[in-house]
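So this block is target-v8.cif, mmCIF, C-alpha atoms:
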```cif
data_upload
loop_
_atom_site.label_atom_id
_atom_site.label_comp_id
_atom_site.auth_asym_id
_atom_site.auth_seq_id
_atom_site.Cartn_x
_atom_site.Cartn_y
_atom_site.Cartn_z
CA MET A 1 72.47 107.23 87.95
CA ARG A 2 72.27 103.65 86.70
CA ASP A 3 75.99 103.67 85.92
CA LEU A 4 76.77 104.97 89.40
CA GLY A 5 74.95 102.02 90.93
CA ALA A 6 76.57 99.60 88.48
CA GLY A 7 80.03 100.92 89.38
CA PHE A 8 79.35 100.37 93.07
CA GLY A 9 78.14 96.89 92.17
CA TYR A 10 81.57 95.98 90.80
CA LEU A 11 83.10 96.99 94.11
CA ILE A 12 80.69 94.67 95.94
CA LYS A 13 81.29 91.84 93.45
CA GLY A 14 85.03 92.11 94.02
CA GLN A 15 84.62 91.83 97.78
CA ARG A 16 82.35 88.82 97.31
CA TRP A 17 84.90 87.21 95.01
CA VAL A 18 87.71 87.37 97.58
CA GLY A 19 85.20 86.26 100.24
CA ARG A 20 84.66 83.07 98.25
CA HIS A 21 88.41 82.63 97.69
CA GLY A 22 89.86 83.15 101.15
CA ARG A 23 93.39 82.15 100.22
CA TRP A 24 93.57 84.98 97.68
CA PHE A 25 92.18 87.43 100.20
CA GLY A 26 95.02 86.67 102.61
CA PHE A 27 97.51 86.73 99.74
CA GLY A 28 96.34 90.21 98.74
CA LEU A 29 96.54 91.65 102.27
CA LEU A 30 100.32 91.60 102.56
CA PRO A 31 101.22 94.61 100.33
CA GLY A 32 98.54 96.76 101.96
CA LEU A 33 99.79 96.00 105.46
CA ILE A 34 103.33 97.06 104.54
CA THR A 35 102.13 100.28 102.92
CA LEU A 36 99.75 101.05 105.79
CA VAL A 37 102.58 101.07 108.33
CA LEU A 38 104.56 103.52 106.20
CA TYR A 39 101.60 105.85 105.62
CA ALA A 40 100.45 105.78 109.23
CA ALA A 41 103.91 106.93 110.34
CA ALA A 42 103.90 109.70 107.72
CA LEU A 43 100.44 110.99 108.72
CA VAL A 44 101.30 110.93 112.42
CA GLY A 45 104.40 112.97 111.63
CA LEU A 46 102.32 115.41 109.58
CA GLY A 47 99.79 115.70 112.40
CA TYR A 48 102.51 116.68 114.86
CA GLY A 49 104.37 118.97 112.48
CA ALA A 50 101.62 120.72 110.48
CA ASP A 51 101.28 123.62 112.93
CA ASN A 52 105.05 124.21 112.94
CA LEU A 53 105.08 124.14 109.14
CA VAL A 54 102.27 126.70 108.96
CA THR A 55 104.04 128.96 111.48
CA TRP A 56 107.23 128.75 109.41
CA VAL A 57 105.51 129.73 106.13
CA THR A 58 103.47 132.60 107.66
CA PRO A 59 106.04 134.82 109.42
CA PHE A 60 104.18 137.88 108.14
CA ALA A 61 101.35 137.09 110.58
CA ASP A 62 103.49 137.03 113.73
CA ASP A 63 102.33 140.51 114.78
CA TRP A 64 98.66 139.98 114.01
CA SER A 65 96.26 140.41 116.89
CA SER A 66 93.83 137.83 118.21
CA PRO A 67 91.68 136.23 116.87
CA TRP A 68 93.06 136.73 113.33
CA LEU A 69 96.42 135.07 113.96
CA GLY A 70 94.84 131.94 115.40
CA LEU A 71 92.12 131.87 112.75
CA LEU A 72 94.62 132.04 109.88
CA ARG A 73 97.06 129.49 111.22
CA ASN A 74 94.44 127.04 112.50
CA THR A 75 92.67 127.14 109.13
CA LEU A 76 95.93 126.58 107.26
CA THR A 77 96.89 123.73 109.62
CA VAL A 78 93.60 121.97 108.92
CA LEU A 79 94.02 122.51 105.17
CA VAL A 80 97.60 121.19 105.20
CA PHE A 81 96.54 118.02 107.02
CA ALA A 82 93.50 117.66 104.73
CA LEU A 83 95.78 117.97 101.71
CA GLY A 84 98.11 115.36 103.18
CA LEU A 85 95.18 113.04 103.80
CA PHE A 86 93.90 113.61 100.26
CA LEU A 87 97.30 112.76 98.80
CA ALA A 88 97.58 109.74 101.09
CA VAL A 89 94.27 108.36 99.83
CA ILE A 90 95.31 108.90 96.22
CA THR A 91 98.87 107.61 96.50
CA PHE A 92 98.09 104.69 98.83
CA THR A 93 96.70 102.65 95.96
CA ALA A 94 99.59 103.50 93.64
CA VAL A 95 102.23 102.64 96.23
CA THR A 96 100.43 99.49 97.36
CA LEU A 97 100.04 98.31 93.76
CA LEU A 98 103.72 98.97 93.14
CA VAL A 99 104.79 97.12 96.29
CA GLY A 100 102.36 94.30 95.57
CA GLN A 101 102.71 94.10 91.78
CA PRO A 102 103.38 90.33 91.68
CA PHE A 103 100.63 89.68 94.25
CA TYR A 104 97.94 91.66 92.47
CA GLU A 105 98.93 90.45 89.00
CA SER A 106 98.39 86.88 90.20
CA LEU A 107 95.10 87.79 91.91
CA SER A 108 93.82 89.57 88.78
CA GLU A 109 94.77 86.62 86.57
CA GLN A 110 92.94 84.27 88.93
CA VAL A 111 89.80 86.41 88.67
CA ASP A 112 90.01 86.16 84.88
CA ARG A 113 90.38 82.38 85.11
CA THR A 114 87.39 81.90 87.39
CA GLU A 115 85.21 84.17 85.24
CA GLY A 116 86.09 82.33 82.04
CA GLY A 117 87.23 83.58 78.68
CA GLU A 118 90.66 84.88 77.79
CA VAL A 119 93.31 85.19 80.49
CA PRO A 120 95.73 87.71 78.93
CA GLU A 121 99.34 87.94 80.00
CA SER A 122 101.63 90.87 79.35
CA GLY A 123 104.56 88.68 78.37
CA LEU A 124 106.91 91.22 79.95
CA PRO A 125 109.54 90.45 82.60
CA LEU A 126 108.73 91.53 86.15
CA TRP A 127 111.24 94.38 86.18
CA ARG A 128 109.65 95.78 83.02
CA GLU A 129 106.13 95.60 84.52
CA LEU A 130 107.37 97.34 87.67
CA TRP A 131 108.99 100.07 85.60
CA ILE A 132 105.80 100.68 83.56
CA SER A 133 103.65 100.70 86.71
CA ALA A 134 105.98 103.13 88.47
CA ARG A 135 106.20 105.43 85.46
CA ASP A 136 102.42 105.48 84.95
CA SER A 137 101.86 106.04 88.67
CA VAL A 138 104.13 109.09 88.56
CA ARG A 139 102.16 110.43 85.59
CA ILE A 140 98.91 109.95 87.49
CA LEU A 141 100.33 111.55 90.63
CA VAL A 142 101.42 114.60 88.62
CA ARG A 143 97.83 115.00 87.45
CA VAL A 144 96.58 114.50 91.01
CA GLY A 145 99.10 117.03 92.29
CA LEU A 146 97.79 119.67 89.89
CA TYR A 147 94.22 119.01 90.99
CA SER A 148 95.33 119.11 94.64
CA VAL A 149 96.94 122.55 94.28
CA LEU A 150 93.85 123.88 92.50
CA LEU A 151 91.44 122.44 95.07
CA PHE A 152 93.63 123.67 97.93
CA ALA A 153 93.42 127.20 96.54
CA LEU A 154 89.66 126.94 95.97
CA GLY A 155 89.28 125.81 99.58
CA PHE A 156 89.73 129.42 100.69
CA ILE A 157 86.54 130.52 98.92
CA PRO A 158 83.81 130.97 101.57
CA VAL A 159 81.01 128.38 101.52
CA VAL A 160 82.11 126.90 98.17
CA GLY A 161 85.44 125.88 99.65
CA GLN A 162 83.73 123.98 102.45
CA THR A 163 80.95 122.35 100.38
CA VAL A 164 81.54 122.02 96.64
CA VAL A 165 85.33 121.66 96.72
CA PRO A 166 85.36 118.56 99.01
CA VAL A 167 82.81 116.87 96.71
CA ILE A 168 84.99 117.58 93.68
CA GLY A 169 88.00 116.32 95.63
CA PHE A 170 86.31 112.99 96.32
CA CYS A 171 85.32 112.67 92.66
CA VAL A 172 88.93 113.27 91.61
CA THR A 173 90.08 110.75 94.21
CA GLY A 174 87.58 108.14 93.04
CA TYR A 175 88.38 108.56 89.37
CA PHE A 176 92.11 108.11 89.77
CA LEU A 177 91.68 105.27 92.27
CA ALA A 178 89.64 103.46 89.64
CA GLU A 179 92.35 104.10 87.06
CA GLU A 180 95.10 102.74 89.28
CA LEU A 181 93.13 99.61 90.14
CA THR A 182 91.88 98.78 86.64
CA ALA A 183 95.44 99.30 85.37
CA VAL A 184 96.39 95.88 86.81
CA ALA A 185 94.02 94.11 84.42
CA LEU A 186 94.24 96.56 81.51
CA GLN A 187 98.05 96.57 81.36
CA ARG A 188 97.93 92.80 80.90
CA ARG A 189 95.66 93.50 77.93
CA GLY A 190 98.32 95.72 76.36
CA MET A 191 96.67 99.07 77.05
CA VAL A 192 98.86 102.11 77.66
CA LEU A 193 97.91 104.89 80.09
CA LYS A 194 96.39 107.16 77.43
CA ASP A 195 94.08 104.39 76.21
CA ARG A 196 93.10 103.40 79.75
CA LEU A 197 92.12 106.97 80.59
CA ALA A 198 90.12 107.22 77.36
CA LEU A 199 88.28 104.01 78.18
CA LEU A 200 87.37 105.22 81.67
CA ARG A 201 86.33 108.67 80.43
CA GLY A 202 83.90 106.96 78.09
CA ARG A 203 82.08 105.57 81.16
CA ARG A 204 82.80 108.33 83.66
CA MET A 205 79.79 107.73 85.92
CA LEU A 206 80.51 103.99 86.04
CA THR A 207 84.10 104.79 86.99
CA LEU A 208 83.04 107.22 89.72
CA GLY A 209 80.49 104.72 91.05
CA PHE A 210 83.34 102.30 91.60
CA GLY A 211 86.02 104.71 92.78
CA VAL A 212 84.26 107.30 94.96
CA PRO A 213 82.81 104.86 97.55
CA LEU A 214 86.21 103.19 97.69
CA GLY A 215 87.92 106.54 98.25
CA LEU A 216 85.52 107.34 101.09
CA ALA A 217 86.09 103.92 102.64
CA PHE A 218 89.86 104.40 102.43
CA LEU A 219 89.54 107.35 104.84
CA VAL A 220 88.71 104.90 107.65
CA PRO A 221 91.89 103.55 109.30
CA PHE A 222 92.80 99.98 108.27
CA VAL A 223 89.82 99.70 105.91
CA ALA A 224 92.00 100.28 102.83
CA VAL A 225 94.15 97.27 103.66
CA PHE A 226 91.21 94.90 103.96
CA LEU A 227 89.41 96.26 100.90
CA MET A 228 92.42 96.20 98.56
CA PRO A 229 92.21 92.52 97.53
CA GLY A 230 88.51 92.87 96.75
CA ALA A 231 89.10 96.22 95.07
CA VAL A 232 91.62 94.62 92.68
CA ALA A 233 89.18 91.77 92.00
CA GLY A 234 86.32 94.21 91.41
CA ALA A 235 88.48 96.39 89.16
CA THR A 236 89.37 93.31 87.11
CA LEU A 237 85.67 92.51 86.67
CA LEU A 238 85.04 96.14 85.70
CA ALA A 239 87.94 96.13 83.24
CA ARG A 240 86.69 92.90 81.62
CA ASP A 241 83.27 94.39 80.96
CA LEU A 242 84.64 97.75 79.79
CA VAL A 243 86.90 96.03 77.27
CA ALA A 244 84.07 93.74 76.14
CA SER A 245 81.74 96.74 75.67
CA ASP A 246 84.44 98.58 73.77
CA GLU A 247 85.08 95.64 71.45
CA ASP A 248 81.34 95.24 70.86
CA GLY A 249 81.08 98.88 69.83
CA ASP A 250 78.87 99.89 72.77
CA GLU A 251 77.61 103.40 72.09
CA ASP A 252 78.34 104.41 75.68
CA ALA A 253 81.96 103.33 75.53
CA THR A 254 84.85 105.27 74.05
CA PRO A 255 86.88 103.27 71.55
CA ALA A 256 90.47 102.78 72.68
CA PRO A 257 93.09 101.13 70.48
CA TYR A 258 95.06 98.42 72.25
CA THR A 259 98.77 98.91 71.84
CA LEU A 260 101.50 97.13 73.73
CA ASP A 261 103.55 99.56 75.78
CA LYS A 262 107.13 99.55 74.51
CA GLY A 263 108.23 102.73 76.27
#
```
Conversion result in structure tokens:
Amino acid sequence: MRDLGAGFGYLIKGQRWVGRHGRWFGFGLLPGLITLVLYAAALVGLGYGADNLVTWVTPFADDWSSPWLGLLRNTLTVLVFALGLFLAVITFTAVTLLVGQPFYESLSEQVDRTEGGEVPESGLPLWRELWISARDSVRILVRVGLYSVLLFALGFIPVVGQTVVPVIGFCVTGYFLAEELTAVALQRRGMVLKDRLALLRGRRMLTLGFGVPLGLAFLVPFVAVFLMPGAVAGATLLARDLVASDEDGDEDATPAPYTLDKG
């Protein structure tokens, strides 16, 4: 439980950091605003078209009597939109980080400077950083997609599907949100995706304490845009301490070798 509270504390520290550095807060808003417009249009389209999609994929139910036809299709419509919302929450960070790569790299470096100590730089050209970020984001989204399919199927289980499954879904969302956000700072430290995931698994509750509240907040319209700069700052602070704990041989941390990504 202590790690859960500590993880949430990094989220608060990040918001405080951008609050003290207003110029960087405004700087970090731009990518989120662009992505928000795109996602809002996609979700509105899904909202209008989900019922038609469900009707198209369930022709076998056309002759069902009431109330079974309506119950089936209404349930599936809600699940389709919920799945779309789940994927939107997960992918919003990845897409925003990709769109705002130069913005968030600069913001993360500035956090490192103000906190003191080493300010690592990847030494890679921008196109190379974008390629690595895009490739790793696709790998993460594949993992998320597999979880989404599984959770979607489990959603049909009575009671469990309406109670336990949503909780697991938010934990999955929070974990991968934390990975995407800490990647900004950890990639500059030469850590590949496998090593980043190992580092976060070593402090799973800390990771969830940071990512789950953020995932819940991202469900509120426009909140994600305004929290993103602080989320990147908080993730940088989290990454700094995780790396420091790892290097110090903290028994709660999982050792992760630092290797510069050449692929």
Please report as CSV every residue of region 169-190 of chain A lying within 12 Å of region 6-27 of chain A, along with the nearest atom pair and their distance in Å (one decimal), using only C-alpha atoms.
```
residue,atom,partner,partner_atom,distance
A:Gly174,CA,A:Gly7,CA,11.1
A:Tyr175,CA,A:Gly7,CA,11.3
A:Ala178,CA,A:Gly7,CA,9.9
A:Leu181,CA,A:Leu11,CA,11.1
A:Thr182,CA,A:Tyr10,CA,11.5
```
Checklist entry - Which is closest to Val57 (chain A) among A:Leu197, A:Thr77, A:Leu33, A:Ser148, if we use only C-alpha atoms? => result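 Counting only C-alpha atoms, the residue closest to Val57 (chain A) is A:Thr77.
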Checklist entry - Using the chain letters and numbers from the file, which residues does the PyMOL selection byres ((chain A and resi 229) around 7) grab, as number ranges by chain? => result A: 18, 25, 28-29, 226-228, 230-233
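For Leu98 (chain A), the non-local neighbours within 9 Å, defined as residues at least 6 positions apart in the same chain or in other chains and counting only C-alpha atoms, are Pro31, Leu130, Ser133, Ala134 and Ser137 of chain A.
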Residue subset to file, keeping C-alpha atoms, as a short mmCIF file (atom, residue, chain, number, x, y, z; two decimals), in the coordinates of the input:
```
data_model
loop_
_atom_site.label_atom_id
_atom_site.label_comp_id
_atom_site.auth_asym_id
_atom_site.auth_seq_id
_atom_site.Cartn_x
_atom_site.Cartn_y
_atom_site.Cartn_z
CA PRO A 31 101.22 94.61 100.33
CA LEU A 130 107.37 97.34 87.67
CA SER A 133 103.65 100.70 86.71
CA ALA A 134 105.98 103.13 88.47
CA SER A 137 101.86 106.04 88.67
#
```
Next on the checklist: I'd like the neighbourhood of Arg2 (chain A) as a list in words, where a residue qualifies if any of its atoms comes within 12 Å (using only C-alpha atoms), though same-chain residues fewer than 6 positions away should be ignored.
Outcome noted: Phe8, Gly9, Arg203, Arg204, Met205, Leu206, Thr207, Leu208 and Gly209 of chain A
Dump of C-alpha atoms for the selected residues, as a PDB file, keeping the file's coordinate frame:
```
ATOM      1  CA  PHE A   8      79.350 100.370  93.070  1.00  0.00           C
ATOM      2  CA  GLY A   9      78.140  96.890  92.170  1.00  0.00           C
ATOM      3  CA  ARG A 203      82.080 105.570  81.160  1.00  0.00           C
ATOM      4  CA  ARG A 204      82.800 108.330  83.660  1.00  0.00           C
ATOM      5  CA  MET A 205      79.790 107.730  85.920  1.00  0.00           C
ATOM      6  CA  LEU A 206      80.510 103.990  86.040  1.00  0.00           C
ATOM      7  CA  THR A 207      84.100 104.790  86.990  1.00  0.00           C
ATOM      8  CA  LEU A 208      83.040 107.220  89.720  1.00  0.00           C
ATOM      9  CA  GLY A 209      80.490 104.720  91.050  1.00  0.00           C
TER      10      GLY A 209
END
```
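Note that CA of Asp51 (chain A) and CA of Gly32 (chain A) are 29.1 Å apart.
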Can you list, as a PDB file with C-alpha atoms, in the coordinates of the input, the residues that the PyMOL selection byres ((chain A and resi 54) around 9) selects here?
```
ATOM      1  CA  GLY A  49     104.370 118.970 112.480  1.00  0.00           C
ATOM      2  CA  ALA A  50     101.620 120.720 110.480  1.00  0.00           C
ATOM      3  CA  ASP A  51     101.280 123.620 112.930  1.00  0.00           C
ATOM      4  CA  ASN A  52     105.050 124.210 112.940  1.00  0.00           C
ATOM      5  CA  LEU A  53     105.080 124.140 109.140  1.00  0.00           C
ATOM      6  CA  THR A  55     104.040 128.960 111.480  1.00  0.00           C
ATOM      7  CA  TRP A  56     107.230 128.750 109.410  1.00  0.00           C
ATOM      8  CA  VAL A  57     105.510 129.730 106.130  1.00  0.00           C
ATOM      9  CA  THR A  58     103.470 132.600 107.660  1.00  0.00           C
ATOM     10  CA  PRO A  59     106.040 134.820 109.420  1.00  0.00           C
ATOM     11  CA  ARG A  73      97.060 129.490 111.220  1.00  0.00           C
ATOM     12  CA  ASN A  74      94.440 127.040 112.500  1.00  0.00           C
ATOM     13  CA  LEU A  76      95.930 126.580 107.260  1.00  0.00           C
ATOM     14  CA  THR A  77      96.890 123.730 109.620  1.00  0.00           C
ATOM     15  CA  VAL A  80      97.600 121.190 105.200  1.00  0.00           C
TER      16      VAL A  80
END
```
Item to check | From A:Cys171, A:Ala239, A:Leu154, A:Leu72, residue lying nearest Arg189 (chain A) [all atoms listed in the file] | outcome: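 Between A:Cys171, A:Ala239, A:Leu154, A:Leu72, the residue approaching Arg189 (chain A) most closely is A:Ala239.
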Item to check | Using all atoms listed in the file: which of A:Gly215, A:Gly116, A:Gly155, A:Gly190 has the shortest distance to Thr75 (chain A) | outcome: A:Gly155
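Omitting Gly84 (chain A) and its sequence neighbours fewer than 4 positions away, and counting all atoms listed in the file, the residues within 9 Å are Leu43, Leu46, Leu79, Val80, Ala88 and Val89 of chain A.
Between CA of Glu109 (chain A) and CA of Val95 (chain A) lies a distance of 20.1 Å.
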Item to check | Two-atom distance - CA of Gly202 (chain A), CA of Val149 (chain A) (Å) | outcome: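 Here the two named atoms are 26.0 Å from each other.
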